[in-house]
Amino acid sequence: MIAGGNNLLDKDRGVRGVVLRLEGCLGRAEFHGEEAIAGAGVSLSALIREAAALNLGGIECLVGIPATIGGALAMNAGTADGWIGDFVSAVYYLHPDGSLGEFKPGSGMTFRSFNAPPPSLLIGCRLMLHLR
């Protein structure tokens, strides 16, 4: 998994294997009150801007991190002021057999890592924000 490739350096010959571009429903976010449901292909900066336009806060501590939601989750991206894991209430993933799964992170998100059930594909998450 390489997410948006924002922190990726690769040889000129490309990536050996399958490359998936997460767009469509996996590239969008929906807001329901103080909750955001974001696909793994959503740009973290776009999500922060969209939340701010709706007067929702909390995740502004993640401004400036070049990542998609999937990449930010995989690395538990953050700063000294907070980590994306601080706002995640559920992570959604796809099993190899095509079934969907939900993971409640709790202690599964640690410094610079997220322990998703292998070999699943992370497809999105639910974030708890707050009114500003």
# chains A, B, ... in the order shown; residues from 1 in each chain; ligands from 1
$ residues_around --residues "A:Leu73" --least-positions-apart "2" --cutoff "8 Å" --atoms "only C-alpha atoms" --output "number ranges by chain"
A: 69-71, 75-77, 84-85, 113-114
$ select_by_dssp --residues "stretch 24-120 of chain A" --states "strand (DSSP E or B)" --output "count of residues only"
32
$ select_by_dssp --residues "chain A" --states "helix (DSSP H, G or I)" --output "ChimeraX atom specification"
/A:24-27,44-53,59-62,69-75,84-86,106-108
$ write_last_selection --atoms "N, CA and C atoms" --output "tab-separated table (two decimals), in the first residue's frame"
chain	number	residue	atom	x	y	z
A	24	GLY	N	-13.71	8.19	-6.69
A	24	GLY	CA	-15.13	7.91	-6.61
A	24	GLY	C	-15.57	8.06	-5.16
A	25	CYS	N	-16.32	7.10	-4.65
A	25	CYS	CA	-16.79	7.20	-3.26
A	25	CYS	C	-15.63	7.13	-2.27
A	26	LEU	N	-14.50	6.55	-2.65
A	26	LEU	CA	-13.36	6.49	-1.75
A	26	LEU	C	-12.52	7.76	-1.79
A	27	GLY	N	-12.90	8.68	-2.66
A	27	GLY	CA	-12.22	9.96	-2.76
A	27	GLY	C	-13.08	11.12	-2.26
A	44	LEU	N	-6.03	14.88	2.89
A	44	LEU	CA	-6.16	15.35	4.26
A	44	LEU	C	-6.37	16.86	4.29
A	45	SER	N	-5.64	17.60	3.47
A	45	SER	CA	-5.80	19.05	3.46
A	45	SER	C	-7.19	19.46	2.96
A	46	ALA	N	-7.73	18.73	1.98
A	46	ALA	CA	-9.07	19.03	1.48
A	46	ALA	C	-10.11	18.76	2.57
A	47	LEU	N	-9.93	17.69	3.32
A	47	LEU	CA	-10.85	17.38	4.42
A	47	LEU	C	-10.82	18.47	5.48
A	48	ILE	N	-9.63	18.95	5.82
A	48	ILE	CA	-9.51	20.02	6.83
A	48	ILE	C	-10.19	21.29	6.33
A	49	ARG	N	-9.99	21.64	5.06
A	49	ARG	CA	-10.65	22.84	4.49
A	49	ARG	C	-12.16	22.69	4.49
A	50	GLU	N	-12.65	21.53	4.09
A	50	GLU	CA	-14.09	21.29	4.03
A	50	GLU	C	-14.70	21.35	5.44
A	51	ALA	N	-14.01	20.76	6.41
A	51	ALA	CA	-14.50	20.81	7.79
A	51	ALA	C	-14.53	22.25	8.29
A	52	ALA	N	-13.50	23.02	8.01
A	52	ALA	CA	-13.44	24.42	8.45
A	52	ALA	C	-14.58	25.23	7.84
A	53	ALA	N	-14.90	24.96	6.57
A	53	ALA	CA	-16.00	25.67	5.91
A	53	ALA	C	-17.34	25.36	6.57
A	59	ILE	N	-9.25	18.82	13.81
A	59	ILE	CA	-8.21	18.26	12.96
A	59	ILE	C	-7.28	19.31	12.36
A	60	GLU	N	-7.49	20.60	12.68
A	60	GLU	CA	-6.60	21.63	12.12
A	60	GLU	C	-5.16	21.45	12.60
A	61	CYS	N	-4.94	20.66	13.63
A	61	CYS	CA	-3.58	20.37	14.08
A	61	CYS	C	-2.81	19.55	13.03
A	62	LEU	N	-3.53	19.02	12.03
A	62	LEU	CA	-2.92	18.21	10.98
A	62	LEU	C	-2.61	19.00	9.72
A	69	ILE	N	-6.24	10.48	3.42
A	69	ILE	CA	-6.75	9.92	4.68
A	69	ILE	C	-6.16	8.53	4.90
A	70	GLY	N	-6.09	7.72	3.85
A	70	GLY	CA	-5.52	6.38	3.98
A	70	GLY	C	-4.07	6.41	4.45
A	71	GLY	N	-3.27	7.28	3.85
A	71	GLY	CA	-1.86	7.39	4.24
A	71	GLY	C	-1.72	7.95	5.64
A	72	ALA	N	-2.54	8.94	5.97
A	72	ALA	CA	-2.50	9.52	7.32
A	72	ALA	C	-2.86	8.47	8.37
A	73	LEU	N	-3.86	7.63	8.06
A	73	LEU	CA	-4.24	6.57	8.99
A	73	LEU	C	-3.14	5.52	9.12
A	74	ALA	N	-2.59	5.10	7.98
A	74	ALA	CA	-1.56	4.06	7.99
A	74	ALA	C	-0.35	4.47	8.82
A	75	MET	N	-0.04	5.77	8.81
A	75	MET	CA	1.13	6.25	9.55
A	75	MET	C	0.74	6.94	10.86
A	84	ILE	N	-3.93	11.91	13.92
A	84	ILE	CA	-5.21	11.60	13.32
A	84	ILE	C	-5.95	10.55	14.16
A	85	GLY	N	-5.20	9.66	14.78
A	85	GLY	CA	-5.81	8.64	15.63
A	85	GLY	C	-6.60	9.21	16.79
A	86	ASP	N	-6.31	10.44	17.17
A	86	ASP	CA	-7.05	11.09	18.26
A	86	ASP	C	-8.50	11.35	17.87
A	106	GLY	N	-8.93	2.18	19.04
A	106	GLY	CA	-8.47	2.10	20.42
A	106	GLY	C	-6.96	2.11	20.51
A	107	SER	N	-6.38	1.04	21.00
A	107	SER	CA	-4.93	0.97	21.15
A	107	SER	C	-4.24	0.48	19.88
A	108	GLY	N	-5.00	0.26	18.78
A	108	GLY	CA	-4.41	-0.21	17.53
A	108	GLY	C	-3.62	0.86	16.80
$ closest_residue --among "A:Glu23, A:Leu121, A:Asp10, A:Gly39" --to "A:Ser99" --atoms "only C-alpha atoms"
A:Leu121
$ closest_residue --among "A:Ile123, A:Leu100, A:Ala80, A:Ala36" --to "A:Val63" --atoms "only C-alpha atoms"
A:Ala80
$ closest_residue --among "A:Gly41, A:Gly57, A:Gly14, A:Gly101" --to "A:Leu129" --atoms "only C-alpha atoms"
A:Gly57
$ residues_around --residues "A:Tyr92" --least-positions-apart "2" --cutoff "10 Å" --atoms "only C-alpha atoms" --output "list in words"
Ile37, Ala38, Gly39, Ala40, Ala90, Leu94, Leu100, Gly101, Glu102, Phe103, Lys104, Ala116, Ser120, Leu121, Leu122, Ile123, Gly124, Cys125 and Arg126 of chain A
$ write_last_selection --atoms "all heavy atoms" --output "compact mmCIF listing (two decimals), in the first residue's frame"
# COMPACT_ATOMS: atom_id res chain seq x y z
N ILE A 37 -17.21 11.18 7.59
CA ILE A 37 -16.89 9.85 7.05
C ILE A 37 -16.09 10.12 5.78
O ILE A 37 -16.58 10.74 4.85
CB ILE A 37 -18.16 9.05 6.75
CG1 ILE A 37 -18.98 8.86 8.03
CG2 ILE A 37 -17.79 7.70 6.13
CD1 ILE A 37 -20.35 8.29 7.82
N ALA A 38 -14.83 9.69 5.79
CA ALA A 38 -13.92 10.02 4.70
C ALA A 38 -13.34 8.77 4.07
O ALA A 38 -12.89 7.86 4.76
CB ALA A 38 -12.78 10.90 5.23
N GLY A 39 -13.34 8.75 2.73
CA GLY A 39 -12.71 7.67 2.00
C GLY A 39 -11.19 7.79 2.10
O GLY A 39 -10.65 8.88 2.30
N ALA A 40 -10.51 6.67 1.93
CA ALA A 40 -9.05 6.65 2.06
C ALA A 40 -8.35 7.51 1.01
O ALA A 40 -7.23 7.94 1.22
CB ALA A 40 -8.54 5.21 1.99
N ALA A 90 -13.76 4.93 13.95
CA ALA A 90 -13.84 3.65 13.25
C ALA A 90 -13.01 3.72 11.98
O ALA A 90 -12.90 4.78 11.36
CB ALA A 90 -15.28 3.31 12.91
N LEU A 94 -11.35 -3.45 3.49
CA LEU A 94 -11.85 -4.47 2.59
C LEU A 94 -10.99 -5.72 2.74
O LEU A 94 -9.77 -5.65 2.64
CB LEU A 94 -11.77 -3.94 1.15
CG LEU A 94 -12.30 -4.81 0.04
CD1 LEU A 94 -13.81 -4.99 0.18
CD2 LEU A 94 -11.97 -4.18 -1.31
N LEU A 100 -16.57 -6.40 3.68
CA LEU A 100 -16.16 -5.18 4.36
C LEU A 100 -15.99 -5.43 5.85
O LEU A 100 -16.70 -6.25 6.43
CB LEU A 100 -17.20 -4.08 4.14
CG LEU A 100 -17.39 -3.63 2.70
CD1 LEU A 100 -18.53 -2.62 2.61
CD2 LEU A 100 -16.11 -3.04 2.13
N GLY A 101 -15.08 -4.71 6.45
CA GLY A 101 -14.85 -4.82 7.89
C GLY A 101 -14.77 -3.45 8.53
O GLY A 101 -14.49 -2.45 7.87
N GLU A 102 -15.04 -3.42 9.82
CA GLU A 102 -14.92 -2.19 10.59
C GLU A 102 -14.02 -2.49 11.78
O GLU A 102 -14.13 -3.53 12.41
CB GLU A 102 -16.29 -1.76 11.09
CG GLU A 102 -16.26 -0.48 11.90
CD GLU A 102 -17.65 -0.03 12.34
OE1 GLU A 102 -18.64 -0.45 11.75
OE2 GLU A 102 -17.72 0.75 13.29
N PHE A 103 -13.14 -1.56 12.05
CA PHE A 103 -12.17 -1.72 13.13
C PHE A 103 -12.28 -0.52 14.04
O PHE A 103 -12.25 0.62 13.58
CB PHE A 103 -10.77 -1.83 12.53
CG PHE A 103 -9.67 -2.00 13.53
CD1 PHE A 103 -9.53 -3.18 14.24
CD2 PHE A 103 -8.75 -0.98 13.75
CE1 PHE A 103 -8.50 -3.33 15.15
CE2 PHE A 103 -7.72 -1.13 14.65
CZ PHE A 103 -7.61 -2.31 15.36
N LYS A 104 -12.44 -0.76 15.32
CA LYS A 104 -12.44 0.33 16.31
C LYS A 104 -11.01 0.43 16.83
O LYS A 104 -10.54 -0.44 17.55
CB LYS A 104 -13.39 0.02 17.47
CG LYS A 104 -14.81 -0.26 17.04
CD LYS A 104 -15.53 1.00 16.68
CE LYS A 104 -16.98 0.67 16.37
NZ LYS A 104 -17.77 1.77 16.01
N ALA A 116 -3.76 -2.47 11.23
CA ALA A 116 -4.96 -2.97 10.57
C ALA A 116 -4.88 -4.48 10.44
O ALA A 116 -3.79 -5.04 10.36
CB ALA A 116 -5.10 -2.34 9.19
N SER A 120 -5.74 -6.75 4.84
CA SER A 120 -6.86 -5.91 4.44
C SER A 120 -6.43 -4.65 3.71
O SER A 120 -5.29 -4.22 3.81
CB SER A 120 -7.68 -5.54 5.68
OG SER A 120 -6.87 -4.84 6.60
N LEU A 121 -7.37 -4.04 3.00
CA LEU A 121 -7.16 -2.79 2.28
C LEU A 121 -7.95 -1.70 3.00
O LEU A 121 -9.17 -1.79 3.12
CB LEU A 121 -7.65 -2.93 0.84
CG LEU A 121 -7.64 -1.67 -0.02
CD1 LEU A 121 -6.21 -1.20 -0.26
CD2 LEU A 121 -8.34 -1.94 -1.33
N LEU A 122 -7.27 -0.73 3.51
CA LEU A 122 -7.90 0.36 4.24
C LEU A 122 -8.68 1.22 3.24
O LEU A 122 -8.12 1.66 2.24
CB LEU A 122 -6.79 1.18 4.89
CG LEU A 122 -7.18 2.11 6.01
CD1 LEU A 122 -6.07 2.19 7.01
CD2 LEU A 122 -7.55 3.45 5.49
N ILE A 123 -9.99 1.43 3.49
CA ILE A 123 -10.80 2.18 2.51
C ILE A 123 -11.40 3.47 3.07
O ILE A 123 -11.94 4.27 2.31
CB ILE A 123 -11.90 1.31 1.89
CG1 ILE A 123 -12.83 0.75 2.96
CG2 ILE A 123 -11.29 0.21 1.04
CD1 ILE A 123 -14.07 0.07 2.40
N GLY A 124 -11.32 3.71 4.37
CA GLY A 124 -11.85 4.96 4.91
C GLY A 124 -11.98 4.93 6.42
O GLY A 124 -11.56 3.97 7.07
N CYS A 125 -12.55 6.01 6.95
CA CYS A 125 -12.71 6.08 8.40
C CYS A 125 -13.83 7.03 8.79
O CYS A 125 -14.35 7.78 7.97
CB CYS A 125 -11.41 6.52 9.06
SG CYS A 125 -10.99 8.25 8.77
N ARG A 126 -14.16 7.00 10.05
CA ARG A 126 -15.12 7.90 10.68
C ARG A 126 -14.34 8.74 11.68
O ARG A 126 -13.61 8.20 12.52
CB ARG A 126 -16.19 7.08 11.39
CG ARG A 126 -17.31 7.87 12.00
CD ARG A 126 -18.34 6.93 12.63
NE ARG A 126 -18.89 6.00 11.66
CZ ARG A 126 -20.00 6.19 10.95
NH1 ARG A 126 -20.68 7.30 11.11
NH2 ARG A 126 -20.43 5.28 10.11
$ closest_residue --among "A:Ala29, A:Met109, A:Val18, A:Pro118" --to "A:Pro96" --atoms "only C-alpha atoms"
A:Pro118
$ residues_around --residues "A:Asn55" --least-positions-apart "5" --cutoff "9 Å" --atoms "only C-alpha atoms" --output "ChimeraX atom specification"
/A:50,130-132
$ write_last_selection --atoms "all heavy atoms" --output "short mmCIF file (atom, residue, chain, number, x, y, z; two decimals), in the first residue's frame"
data_model
loop_
_atom_site.label_atom_id
_atom_site.label_comp_id
_atom_site.auth_asym_id
_atom_site.auth_seq_id
_atom_site.Cartn_x
_atom_site.Cartn_y
_atom_site.Cartn_z
N GLU A 50 -12.65 21.53 4.09
CA GLU A 50 -14.09 21.29 4.03
C GLU A 50 -14.70 21.35 5.44
O GLU A 50 -15.77 21.94 5.63
CB GLU A 50 -14.35 19.91 3.40
CG GLU A 50 -15.61 19.84 2.61
CD GLU A 50 -15.75 18.52 1.87
OE1 GLU A 50 -14.73 17.95 1.41
OE2 GLU A 50 -16.89 18.06 1.76
N HIS A 130 -15.49 18.71 16.16
CA HIS A 130 -16.30 19.50 17.07
C HIS A 130 -16.59 20.86 16.45
O HIS A 130 -15.84 21.34 15.60
CB HIS A 130 -15.63 19.66 18.44
CG HIS A 130 -14.29 20.32 18.39
ND1 HIS A 130 -14.12 21.68 18.24
CD2 HIS A 130 -13.03 19.79 18.46
CE1 HIS A 130 -12.83 21.94 18.22
NE2 HIS A 130 -12.15 20.84 18.35
N LEU A 131 -17.71 21.45 16.85
CA LEU A 131 -18.05 22.79 16.36
C LEU A 131 -17.08 23.80 16.91
O LEU A 131 -16.68 23.71 18.07
CB LEU A 131 -19.48 23.16 16.78
CG LEU A 131 -20.59 22.44 16.04
CD1 LEU A 131 -21.94 22.74 16.65
CD2 LEU A 131 -20.58 22.81 14.55
N ARG A 132 -16.68 24.74 16.05
CA ARG A 132 -15.75 25.78 16.49
C ARG A 132 -16.52 26.99 16.94
O ARG A 132 -17.58 27.27 16.60
CB ARG A 132 -14.79 26.18 15.38
CG ARG A 132 -13.89 25.05 14.99
CD ARG A 132 -12.82 25.45 14.05
NE ARG A 132 -13.40 25.99 12.80
CZ ARG A 132 -12.71 26.72 11.95
NH1 ARG A 132 -11.48 26.99 12.16
NH2 ARG A 132 -13.25 27.15 10.85
#
